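**Student:** If it helps, the file is called query-v9.cif and holds mmCIF, C-alpha atoms:
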data_final
loop_
_atom_site.group_PDB
_atom_site.id
_atom_site.type_symbol
_atom_site.label_atom_id
_atom_site.label_comp_id
_atom_site.auth_asym_id
_atom_site.auth_seq_id
_atom_site.Cartn_x
_atom_site.Cartn_y
_atom_site.Cartn_z
ATOM 1 C CA MET A 1275 -104.694 -78.076 -109.844
ATOM 2 C CA THR A 1276 -107.103 -75.326 -110.880
ATOM 3 C CA ASP A 1277 -106.298 -71.635 -110.715
ATOM 4 C CA ARG A 1278 -107.851 -70.183 -107.553
ATOM 5 C CA ASN A 1279 -107.604 -66.688 -109.049
ATOM 6 C CA ARG A 1280 -109.618 -67.512 -112.179
ATOM 7 C CA ASN A 1281 -112.788 -65.589 -112.966
ATOM 8 C CA ILE A 1282 -115.414 -67.242 -110.758
ATOM 9 C CA GLN A 1283 -118.953 -65.889 -110.998
ATOM 10 C CA VAL A 1284 -122.134 -66.408 -109.027
ATOM 11 C CA MET A 1285 -125.432 -66.585 -110.908
ATOM 12 C CA GLY A 1286 -128.545 -65.825 -108.853
ATOM 13 C CA ILE A 1287 -131.784 -67.669 -109.619
ATOM 14 C CA VAL A 1288 -135.122 -65.898 -110.174
ATOM 15 C CA ASN A 1289 -138.093 -68.145 -110.996
ATOM 16 C CA LEU A 1290 -141.188 -66.497 -112.456
ATOM 17 C CA THR A 1291 -143.284 -69.504 -111.484
ATOM 18 C CA ASP A 1292 -145.213 -70.831 -108.539
ATOM 19 C CA ASP A 1293 -143.954 -74.423 -108.720
ATOM 20 C CA SER A 1294 -140.160 -74.328 -108.529
ATOM 21 C CA TYR A 1295 -138.820 -76.754 -105.951
ATOM 22 C CA PHE A 1296 -137.373 -74.048 -103.664
ATOM 23 C CA ALA A 1297 -140.181 -71.757 -102.562
ATOM 24 C CA GLN A 1298 -138.065 -68.686 -101.804
ATOM 25 C CA SER A 1299 -136.938 -68.425 -105.438
ATOM 26 C CA ARG A 1300 -140.531 -68.188 -106.717
ATOM 27 C CA CYS A 1301 -141.561 -64.778 -108.025
ATOM 28 C CA PRO A 1302 -145.066 -65.042 -109.519
ATOM 29 C CA SER A 1303 -145.402 -61.246 -109.872
ATOM 30 C CA VAL A 1304 -143.302 -58.510 -111.447
ATOM 31 C CA LYS A 1305 -142.959 -56.769 -108.091
ATOM 32 C CA ALA A 1306 -141.703 -59.935 -106.411
ATOM 33 C CA ALA A 1307 -139.206 -60.564 -109.220
ATOM 34 C CA LEU A 1308 -137.769 -57.047 -109.046
ATOM 35 C CA ARG A 1309 -137.481 -57.272 -105.280
ATOM 36 C CA ARG A 1310 -135.587 -60.576 -105.533
ATOM 37 C CA ILE A 1311 -133.300 -59.269 -108.292
ATOM 38 C CA GLU A 1312 -132.459 -56.235 -106.177
ATOM 39 C CA THR A 1313 -131.617 -58.507 -103.227
ATOM 40 C CA LEU A 1314 -129.446 -60.851 -105.307
ATOM 41 C CA LEU A 1315 -127.519 -57.949 -106.839
ATOM 42 C CA SER A 1316 -126.986 -56.358 -103.429
ATOM 43 C CA GLU A 1317 -125.542 -59.671 -102.239
ATOM 44 C CA GLY A 1318 -123.031 -59.647 -105.080
ATOM 45 C CA ALA A 1319 -124.604 -61.657 -107.901
ATOM 46 C CA ASP A 1320 -122.538 -61.402 -111.081
ATOM 47 C CA ILE A 1321 -125.365 -62.740 -113.268
ATOM 48 C CA ILE A 1322 -129.139 -62.857 -112.805
ATOM 49 C CA ASP A 1323 -130.770 -65.969 -114.307
ATOM 50 C CA ILE A 1324 -134.496 -65.613 -114.964
ATOM 51 C CA GLY A 1325 -136.662 -68.612 -115.745
ATOM 52 C CA ALA A 1326 -140.346 -68.571 -116.604
ATOM 53 C CA CYS A 1327 -140.932 -72.313 -116.721
ATOM 54 C CA SER A 1328 -139.960 -74.769 -114.005
ATOM 55 C CA THR A 1329 -137.425 -77.281 -115.333
ATOM 56 C CA ARG A 1330 -137.395 -79.602 -112.343
ATOM 57 C CA PRO A 1331 -137.967 -83.268 -113.329
ATOM 58 C CA GLY A 1332 -141.680 -83.977 -113.608
ATOM 59 C CA SER A 1333 -142.699 -80.337 -113.908
ATOM 60 C CA GLU A 1334 -145.314 -79.220 -116.437
ATOM 61 C CA GLN A 1335 -143.881 -77.565 -119.544
ATOM 62 C CA VAL A 1336 -145.999 -74.494 -120.234
ATOM 63 C CA GLY A 1337 -145.004 -73.609 -123.804
ATOM 64 C CA GLU A 1338 -143.263 -70.657 -125.408
ATOM 65 C CA ASP A 1339 -146.218 -68.238 -125.362
ATOM 66 C CA VAL A 1340 -146.892 -68.605 -121.640
ATOM 67 C CA GLU A 1341 -143.169 -68.407 -120.954
ATOM 68 C CA TRP A 1342 -142.841 -65.148 -122.866
ATOM 69 C CA ASN A 1343 -145.939 -63.651 -121.264
ATOM 70 C CA ARG A 1344 -144.296 -64.188 -117.891
ATOM 71 C CA LEU A 1345 -140.897 -62.925 -118.987
ATOM 72 C CA GLU A 1346 -141.754 -59.815 -120.969
ATOM 73 C CA PRO A 1347 -143.060 -57.506 -118.200
ATOM 74 C CA VAL A 1348 -140.180 -58.430 -115.906
ATOM 75 C CA LEU A 1349 -137.532 -57.899 -118.589
ATOM 76 C CA ARG A 1350 -139.019 -54.494 -119.458
ATOM 77 C CA GLU A 1351 -138.728 -53.394 -115.838
ATOM 78 C CA VAL A 1352 -135.259 -54.911 -115.429
ATOM 79 C CA ALA A 1353 -133.990 -52.917 -118.426
ATOM 80 C CA VAL A 1354 -135.078 -49.720 -116.659
ATOM 81 C CA SER A 1355 -134.307 -50.552 -113.028
ATOM 82 C CA PHE A 1356 -131.102 -52.585 -113.474
ATOM 83 C CA PRO A 1357 -129.620 -51.497 -116.811
ATOM 84 C CA ASN A 1358 -126.095 -52.680 -115.925
ATOM 85 C CA ALA A 1359 -127.052 -56.127 -114.674
ATOM 86 C CA VAL A 1360 -125.789 -59.117 -116.651
ATOM 87 C CA MET A 1361 -128.899 -61.096 -117.492
ATOM 88 C CA SER A 1362 -129.394 -64.752 -118.339
ATOM 89 C CA VAL A 1363 -132.683 -66.243 -119.510
ATOM 90 C CA ASP A 1364 -133.414 -69.902 -118.845
ATOM 91 C CA THR A 1365 -135.249 -71.063 -121.977
ATOM 92 C CA TYR A 1366 -135.105 -73.680 -124.711
ATOM 93 C CA TRP A 1367 -137.287 -71.723 -127.174
ATOM 94 C CA SER A 1368 -135.618 -69.808 -130.009
ATOM 95 C CA SER A 1369 -138.647 -67.509 -130.239
ATOM 96 C CA VAL A 1370 -138.100 -66.441 -126.621
ATOM 97 C CA VAL A 1371 -134.436 -65.786 -127.390
ATOM 98 C CA LYS A 1372 -135.328 -63.577 -130.368
ATOM 99 C CA LYS A 1373 -137.931 -61.603 -128.420
ATOM 100 C CA THR A 1374 -135.606 -61.163 -125.435
ATOM 101 C CA TYR A 1375 -132.777 -59.944 -127.665
ATOM 102 C CA ASP A 1376 -135.099 -57.455 -129.372
ATOM 103 C CA LEU A 1377 -136.256 -56.185 -125.983
ATOM 104 C CA ILE A 1378 -133.059 -55.955 -123.890
ATOM 105 C CA GLY A 1379 -130.153 -56.595 -126.254
ATOM 106 C CA ASP A 1380 -127.217 -58.755 -125.191
ATOM 107 C CA PHE A 1381 -127.870 -61.516 -122.647
ATOM 108 C CA ILE A 1382 -126.900 -65.122 -121.866
ATOM 109 C CA VAL A 1383 -129.054 -67.949 -123.200
ATOM 110 C CA ASN A 1384 -129.314 -70.738 -120.610
ATOM 111 C CA ASP A 1385 -130.678 -73.752 -122.510
ATOM 112 C CA ILE A 1386 -131.230 -76.969 -120.546
ATOM 113 C CA SER A 1387 -131.677 -78.899 -123.807
ATOM 114 C CA ALA A 1388 -128.403 -77.781 -125.488
ATOM 115 C CA GLY A 1389 -130.390 -76.967 -128.620
ATOM 116 C CA GLU A 1390 -132.244 -80.287 -128.819
ATOM 117 C CA ALA A 1391 -135.696 -78.975 -127.879
ATOM 118 C CA ASP A 1392 -135.881 -76.368 -130.660
ATOM 119 C CA PRO A 1393 -134.021 -77.037 -133.939
ATOM 120 C CA ALA A 1394 -133.715 -73.295 -134.576
ATOM 121 C CA MET A 1395 -132.084 -72.474 -131.244
ATOM 122 C CA LEU A 1396 -128.403 -72.837 -132.138
ATOM 123 C CA ARG A 1397 -128.801 -70.976 -135.413
ATOM 124 C CA ILE A 1398 -130.562 -68.061 -133.711
ATOM 125 C CA VAL A 1399 -127.924 -67.873 -130.972
ATOM 126 C CA GLY A 1400 -125.123 -68.002 -133.535
ATOM 127 C CA GLU A 1401 -126.670 -65.303 -135.692
ATOM 128 C CA SER A 1402 -127.241 -63.055 -132.673
ATOM 129 C CA GLY A 1403 -123.761 -63.578 -131.229
ATOM 130 C CA LEU A 1404 -125.147 -64.338 -127.774
ATOM 131 C CA SER A 1405 -123.389 -66.188 -124.966
ATOM 132 C CA TYR A 1406 -124.795 -69.700 -124.632
ATOM 133 C CA VAL A 1407 -125.022 -72.257 -121.819
ATOM 134 C CA ALA A 1408 -125.505 -75.841 -123.029
ATOM 135 C CA MET A 1409 -126.674 -78.410 -120.483
ATOM 136 C CA HIS A 1410 -126.476 -82.216 -120.604
ATOM 137 C CA MET A 1411 -129.928 -83.698 -120.108
ATOM 138 C CA ARG A 1412 -130.468 -86.645 -122.527
ATOM 139 C CA GLY A 1413 -134.009 -85.952 -123.682
ATOM 140 C CA MET A 1414 -136.765 -83.657 -122.514
ATOM 141 C CA PRO A 1415 -138.048 -83.303 -118.925
ATOM 142 C CA GLU A 1416 -141.013 -85.618 -119.402
ATOM 143 C CA ASN A 1417 -138.814 -88.660 -120.093
ATOM 144 C CA MET A 1418 -135.323 -87.861 -118.872
ATOM 145 C CA GLN A 1419 -135.738 -89.708 -115.572
ATOM 146 C CA MET A 1420 -135.840 -92.935 -117.582
ATOM 147 C CA LEU A 1421 -132.459 -92.336 -119.236
ATOM 148 C CA THR A 1422 -129.943 -93.238 -116.563
ATOM 149 C CA ASN A 1423 -128.359 -96.338 -118.135
ATOM 150 C CA TYR A 1424 -124.833 -95.012 -118.596
ATOM 151 C CA LYS A 1425 -121.729 -97.149 -119.023
ATOM 152 C CA SER A 1426 -119.911 -94.197 -117.487
ATOM 153 C CA VAL A 1427 -121.885 -91.095 -116.573
ATOM 154 C CA THR A 1428 -118.843 -88.839 -116.815
ATOM 155 C CA GLY A 1429 -117.688 -90.424 -120.050
ATOM 156 C CA ASP A 1430 -121.156 -89.983 -121.527
ATOM 157 C CA VAL A 1431 -121.239 -86.294 -120.602
ATOM 158 C CA VAL A 1432 -117.756 -85.705 -122.034
ATOM 159 C CA SER A 1433 -118.660 -87.498 -125.268
ATOM 160 C CA TYR A 1434 -121.912 -85.544 -125.519
ATOM 161 C CA PHE A 1435 -120.198 -82.185 -125.279
ATOM 162 C CA LYS A 1436 -117.421 -83.115 -127.693
ATOM 163 C CA SER A 1437 -120.145 -83.790 -130.266
ATOM 164 C CA PHE A 1438 -122.017 -80.657 -129.238
ATOM 165 C CA SER A 1439 -118.931 -78.507 -129.824
ATOM 166 C CA GLN A 1440 -118.935 -79.421 -133.503
ATOM 167 C CA LYS A 1441 -122.693 -78.843 -133.824
ATOM 168 C CA ALA A 1442 -122.346 -75.459 -132.133
ATOM 169 C CA ALA A 1443 -119.548 -74.414 -134.497
ATOM 170 C CA GLU A 1444 -121.675 -75.357 -137.512
ATOM 171 C CA ASN A 1445 -124.191 -72.805 -136.243
ATOM 172 C CA GLY A 1446 -121.674 -70.040 -135.621
ATOM 173 C CA ILE A 1447 -121.169 -70.655 -131.887
ATOM 174 C CA PHE A 1448 -117.426 -70.974 -131.391
ATOM 175 C CA ARG A 1449 -117.279 -70.441 -127.624
ATOM 176 C CA TRP A 1450 -119.904 -71.636 -125.143
ATOM 177 C CA ILE A 1451 -120.472 -72.538 -121.463
ATOM 178 C CA LEU A 1452 -120.825 -76.147 -120.277
ATOM 179 C CA ASP A 1453 -123.385 -77.299 -117.702
ATOM 180 C CA PRO A 1454 -123.076 -81.036 -116.854
ATOM 181 C CA GLY A 1455 -126.717 -81.124 -115.763
ATOM 182 C CA PHE A 1456 -126.749 -82.288 -112.158
ATOM 183 C CA GLY A 1457 -130.128 -83.817 -111.346
ATOM 184 C CA PHE A 1458 -131.143 -84.314 -114.974
ATOM 185 C CA ALA A 1459 -131.285 -87.931 -116.221
ATOM 186 C CA LYS A 1460 -128.888 -89.009 -113.489
ATOM 187 C CA THR A 1461 -129.368 -91.107 -110.381
ATOM 188 C CA LEU A 1462 -128.312 -89.806 -106.995
ATOM 189 C CA ASP A 1463 -125.082 -91.826 -107.116
ATOM 190 C CA GLN A 1464 -124.365 -90.750 -110.696
ATOM 191 C CA ASN A 1465 -124.600 -87.107 -109.653
ATOM 192 C CA TYR A 1466 -121.910 -87.611 -107.031
ATOM 193 C CA THR A 1467 -119.730 -89.588 -109.427
ATOM 194 C CA LEU A 1468 -119.989 -86.787 -111.963
ATOM 195 C CA LEU A 1469 -119.042 -84.188 -109.356
ATOM 196 C CA SER A 1470 -116.032 -86.214 -108.200
ATOM 197 C CA GLU A 1471 -114.834 -86.510 -111.816
ATOM 198 C CA LEU A 1472 -115.766 -83.004 -112.919
ATOM 199 C CA GLU A 1473 -112.205 -82.121 -113.946
ATOM 200 C CA GLN A 1474 -112.676 -84.415 -116.963
ATOM 201 C CA MET A 1475 -114.865 -81.677 -118.473
ATOM 202 C CA ARG A 1476 -111.619 -79.800 -119.073
ATOM 203 C CA THR A 1477 -110.716 -82.280 -121.820
ATOM 204 C CA ILE A 1478 -113.437 -80.680 -123.966
ATOM 205 C CA THR A 1479 -112.686 -77.755 -126.263
ATOM 206 C CA CYS A 1480 -114.803 -75.197 -128.056
ATOM 207 C CA ALA A 1481 -114.298 -74.658 -131.773
ATOM 208 C CA ASP A 1482 -111.999 -71.693 -131.095
ATOM 209 C CA GLY A 1483 -109.671 -73.948 -129.099
ATOM 210 C CA THR A 1484 -110.629 -72.676 -125.643
ATOM 211 C CA ILE A 1485 -111.898 -74.869 -122.826
ATOM 212 C CA PRO A 1486 -115.558 -74.051 -122.135
ATOM 213 C CA ARG A 1487 -116.305 -72.392 -118.831
ATOM 214 C CA ILE A 1488 -118.097 -74.774 -116.461
ATOM 215 C CA LEU A 1489 -121.415 -73.798 -114.880
ATOM 216 C CA ILE A 1490 -122.908 -76.004 -112.201
ATOM 217 C CA GLY A 1491 -126.368 -76.018 -110.666
ATOM 218 C CA LEU A 1492 -126.246 -77.909 -107.366
ATOM 219 C CA SER A 1493 -128.125 -75.476 -105.165
ATOM 220 C CA ARG A 1494 -130.570 -77.207 -102.784
ATOM 221 C CA LYS A 1495 -131.135 -80.013 -105.330
ATOM 222 C CA SER A 1496 -132.592 -83.461 -104.728
ATOM 223 C CA MET A 1497 -129.120 -85.031 -104.744
ATOM 224 C CA ILE A 1498 -128.792 -83.287 -101.372
ATOM 225 C CA TYR A 1499 -132.226 -83.387 -99.801
ATOM 226 C CA ARG A 1500 -133.075 -86.934 -100.873
ATOM 227 C CA ARG A 1501 -129.738 -88.227 -99.680
ATOM 228 C CA PHE A 1502 -130.332 -86.865 -96.178
ATOM 229 C CA SER A 1503 -134.167 -87.096 -96.127
ATOM 230 C CA ILE A 1504 -134.487 -83.365 -95.563
ATOM 231 C CA THR A 1505 -136.201 -80.543 -97.440
ATOM 232 C CA PRO A 1506 -134.752 -78.068 -99.946
ATOM 233 C CA GLU A 1507 -135.147 -75.429 -97.223
ATOM 234 C CA GLU A 1508 -132.775 -77.420 -94.985
ATOM 235 C CA SER A 1509 -130.171 -77.994 -97.710
ATOM 236 C CA LEU A 1510 -128.110 -74.803 -97.607
ATOM 237 C CA PRO A 1511 -125.135 -76.064 -95.535
ATOM 238 C CA ALA A 1512 -124.668 -79.173 -97.697
ATOM 239 C CA THR A 1513 -125.055 -77.047 -100.815
ATOM 240 C CA GLN A 1514 -122.029 -74.982 -99.816
ATOM 241 C CA VAL A 1515 -119.966 -78.128 -99.215
ATOM 242 C CA LEU A 1516 -120.722 -79.246 -102.758
ATOM 243 C CA HIS A 1517 -120.044 -75.758 -104.113
ATOM 244 C CA TYR A 1518 -116.612 -75.805 -102.491
ATOM 245 C CA ARG A 1519 -115.832 -79.191 -104.020
ATOM 246 C CA ALA A 1520 -117.072 -78.040 -107.423
ATOM 247 C CA LEU A 1521 -114.761 -75.027 -107.247
ATOM 248 C CA GLN A 1522 -111.837 -77.311 -106.445
ATOM 249 C CA LYS A 1523 -112.759 -79.311 -109.552
ATOM 250 C CA GLY A 1524 -112.648 -76.273 -111.842
ATOM 251 C CA THR A 1525 -116.146 -74.782 -111.814
ATOM 252 C CA ASP A 1526 -116.306 -71.196 -113.097
ATOM 253 C CA ILE A 1527 -119.958 -70.268 -112.496
ATOM 254 C CA LEU A 1528 -122.126 -71.274 -109.528
ATOM 255 C CA ARG A 1529 -125.860 -71.095 -110.270
ATOM 256 C CA VAL A 1530 -127.432 -70.568 -106.842
ATOM 257 C CA HIS A 1531 -130.461 -69.601 -104.824
ATOM 258 C CA ASP A 1532 -128.341 -68.077 -102.055
ATOM 259 C CA VAL A 1533 -125.906 -65.532 -103.465
ATOM 260 C CA ALA A 1534 -124.400 -64.164 -100.260
ATOM 261 C CA GLU A 1535 -123.497 -67.630 -98.991
ATOM 262 C CA ALA A 1536 -122.060 -68.660 -102.363
ATOM 263 C CA LYS A 1537 -119.901 -65.536 -102.508
ATOM 264 C CA ARG A 1538 -118.489 -66.408 -99.082
ATOM 265 C CA THR A 1539 -117.773 -69.934 -100.290
ATOM 266 C CA VAL A 1540 -115.869 -68.537 -103.268
ATOM 267 C CA GLU A 1541 -113.873 -66.260 -100.961
ATOM 268 C CA LEU A 1542 -112.947 -69.168 -98.695
ATOM 269 C CA TYR A 1543 -111.990 -71.278 -101.692
ATOM 270 C CA ARG A 1544 -109.636 -68.546 -102.898
ATOM 271 C CA GLU A 1545 -108.126 -68.403 -99.411
ATOM 272 C CA LEU A 1546 -107.791 -72.134 -98.809
ATOM 273 C CA GLY A 1547 -107.845 -73.804 -102.222
#
Can the structure from this file be put into structure tokens for me?
**Tutor:**
Amino acid sequence: MTDRNRNIQVMGIVNLTDDSYFAQSRCPSVKAALRRIETLLSEGADIIDIGACSTRPGSEQVGEDVEWNRLEPVLREVAVSFPNAVMSVDTYWSSVVKKTYDLIGDFIVNDISAGEADPAMLRIVGESGLSYVAMHMRGMPENMQMLTNYKSVTGDVVSYFKSFSQKAAENGIFRWILDPGFGFAKTLDQNYTLLSELEQMRTITCADGTIPRILIGLSRKSMIYRRFSITPEESLPATQVLHYRALQKGTDILRVHDVAEAKRTVELYRELG
């Protein structure tokens, strides 16, 4: 039984792209990004997660220079307009991490590759003392859809993060956040199996002996809209059902497109358990 009074946070998504799968999260201009950030914060977002490259399966990877060119003007404005906001940057490039740190100081690194895409990533994060989200993906976006041959999807994810914990510690990262990677290198059925067995993630420990906080990204994903043959725009009610179940299974951070609705789901979870 998980503690209903634990620190549960909602992370609001801001995509600085024009090809993310949910259109309302797209902010291809600085003005649009600032307007969305203001809305998410007003709705109660605890963390703002900014991404400058779509990481949906099959999306084009634009490279670190393009990613930074999209990020930099937004981060400069965020530092002025929202100086107290807790920021997360969705990137797997160590160069982007270094430039972001130099520009805005402390932030959360949200790395879908768990350090596999850029060999320098874990070292840079460790040296900078930044908070770090490691996601299970099994390979890079261009080939991950092929890698779904698990003996046990949950067992594979647990084993992966137990190995990652040691690698993180070797790079000076002794506490980190775990993202099981819903929708990445997993079939529709495997996603639901992983969610139903999510409490097994609590058998993993960081190098400092703590259990990593669990972040999940289920919001409007294909495991919902493909299952029901609907669109991402029609997926909000089912998203909240899955968020509620994830909270029951021990999730600490919900990464969402719809902050106000997620906050209400958290409130109901605290009330009902």
**Student:** Identify, on the basis of only C-alpha atoms, every residue whose closest approach to range 1337-1348 of chain A does not exceed 7 Å; exclude the query and any residue fewer than 5 positions from it along the same chain; express the result as a PyMOL selection string.
**Tutor:** chain A and resi 1290+1304+1326-1327+1367+1370
**Student:** Translate the PyMOL selection byres ((chain A and resi 1279) around 10) into a concrete residue list for this structure, as a PyMOL selection string.
**Tutor:** chain A and resi 1276-1278+1280-1282+1543-1545+1547
**Student:** If you measure from CA of Met1285 in chain A to CA of Ser1362 in chain A, what distance in Å do you get, rounded to one decimal?
**Tutor:** 8.6 Å
**Student:** Just to confirm, what's the straight-line distance from CA of Ala1408 in chain A to CA of Pro1506 in chain A in Å (one decimal)?
**Tutor:**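 One can read the CA of Ala1408 in chain A to CA of Pro1506 in chain A distance as 25.0 Å.
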**Student:** Using the chain letters and residue numbers of this document, give as a list of chain:residue names the residues selected by the PyMOL selection byres ((chain A and resi 1479) around 10).
**Tutor:**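 Checked against the file, the PyMOL selection byres ((chain A and resi 1479) around 10) matches A:Phe1435, A:Lys1436, A:Ser1439, A:Gln1440, A:Phe1448, A:Arg1449, A:Trp1450, A:Met1475, A:Arg1476, A:Thr1477, A:Ile1478, A:Cys1480, A:Ala1481, A:Asp1482, A:Gly1483, A:Thr1484, A:Ile1485, A:Pro1486, A:Arg1487.
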**Student:** Distance CA of Thr1513 in chain A-CA of Ile1527 in chain A, one decimal place?
**Tutor:** 14.4 Å
**Student:** Just checking: using only C-alpha atoms, which residue out of A:Ser1503, A:Ser1402, A:Asn1465, A:Thr1313 ends up closest to Thr1374 in chain A?
**Tutor:**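 Of all the options, A:Ser1402 lies closest to Thr1374 in chain A.
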**Student:** Counting only C-alpha atoms, what is within 12 Å of Ala1306 in chain A, bar same-chain residues fewer than 3 positions away, as a list in words?
**Tutor:**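 After dropping sequence-adjacent residues, the list is Val1288, Asn1289, Leu1290, Thr1291, Asp1292, Gln1298, Ser1299, Arg1300, Cys1301, Pro1302, Ser1303, Arg1309, Arg1310, Ile1311, Glu1312, Thr1313, Val1348 and Glu1351 of chain A.
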**Student:** Selection from above, C-alpha atoms, as a compact mmCIF listing (two decimals), keeping the file's coordinate frame, can you write it?
**Tutor:**
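Okay, out05.txt is ready:
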# COMPACT_ATOMS: atom_id res chain seq x y z
CA VAL A 1288 -135.12 -65.90 -110.17
CA ASN A 1289 -138.09 -68.14 -111.00
CA LEU A 1290 -141.19 -66.50 -112.46
CA THR A 1291 -143.28 -69.50 -111.48
CA ASP A 1292 -145.21 -70.83 -108.54
CA GLN A 1298 -138.06 -68.69 -101.80
CA SER A 1299 -136.94 -68.42 -105.44
CA ARG A 1300 -140.53 -68.19 -106.72
CA CYS A 1301 -141.56 -64.78 -108.02
CA PRO A 1302 -145.07 -65.04 -109.52
CA SER A 1303 -145.40 -61.25 -109.87
CA ARG A 1309 -137.48 -57.27 -105.28
CA ARG A 1310 -135.59 -60.58 -105.53
CA ILE A 1311 -133.30 -59.27 -108.29
CA GLU A 1312 -132.46 -56.24 -106.18
CA THR A 1313 -131.62 -58.51 -103.23
CA VAL A 1348 -140.18 -58.43 -115.91
CA GLU A 1351 -138.73 -53.39 -115.84
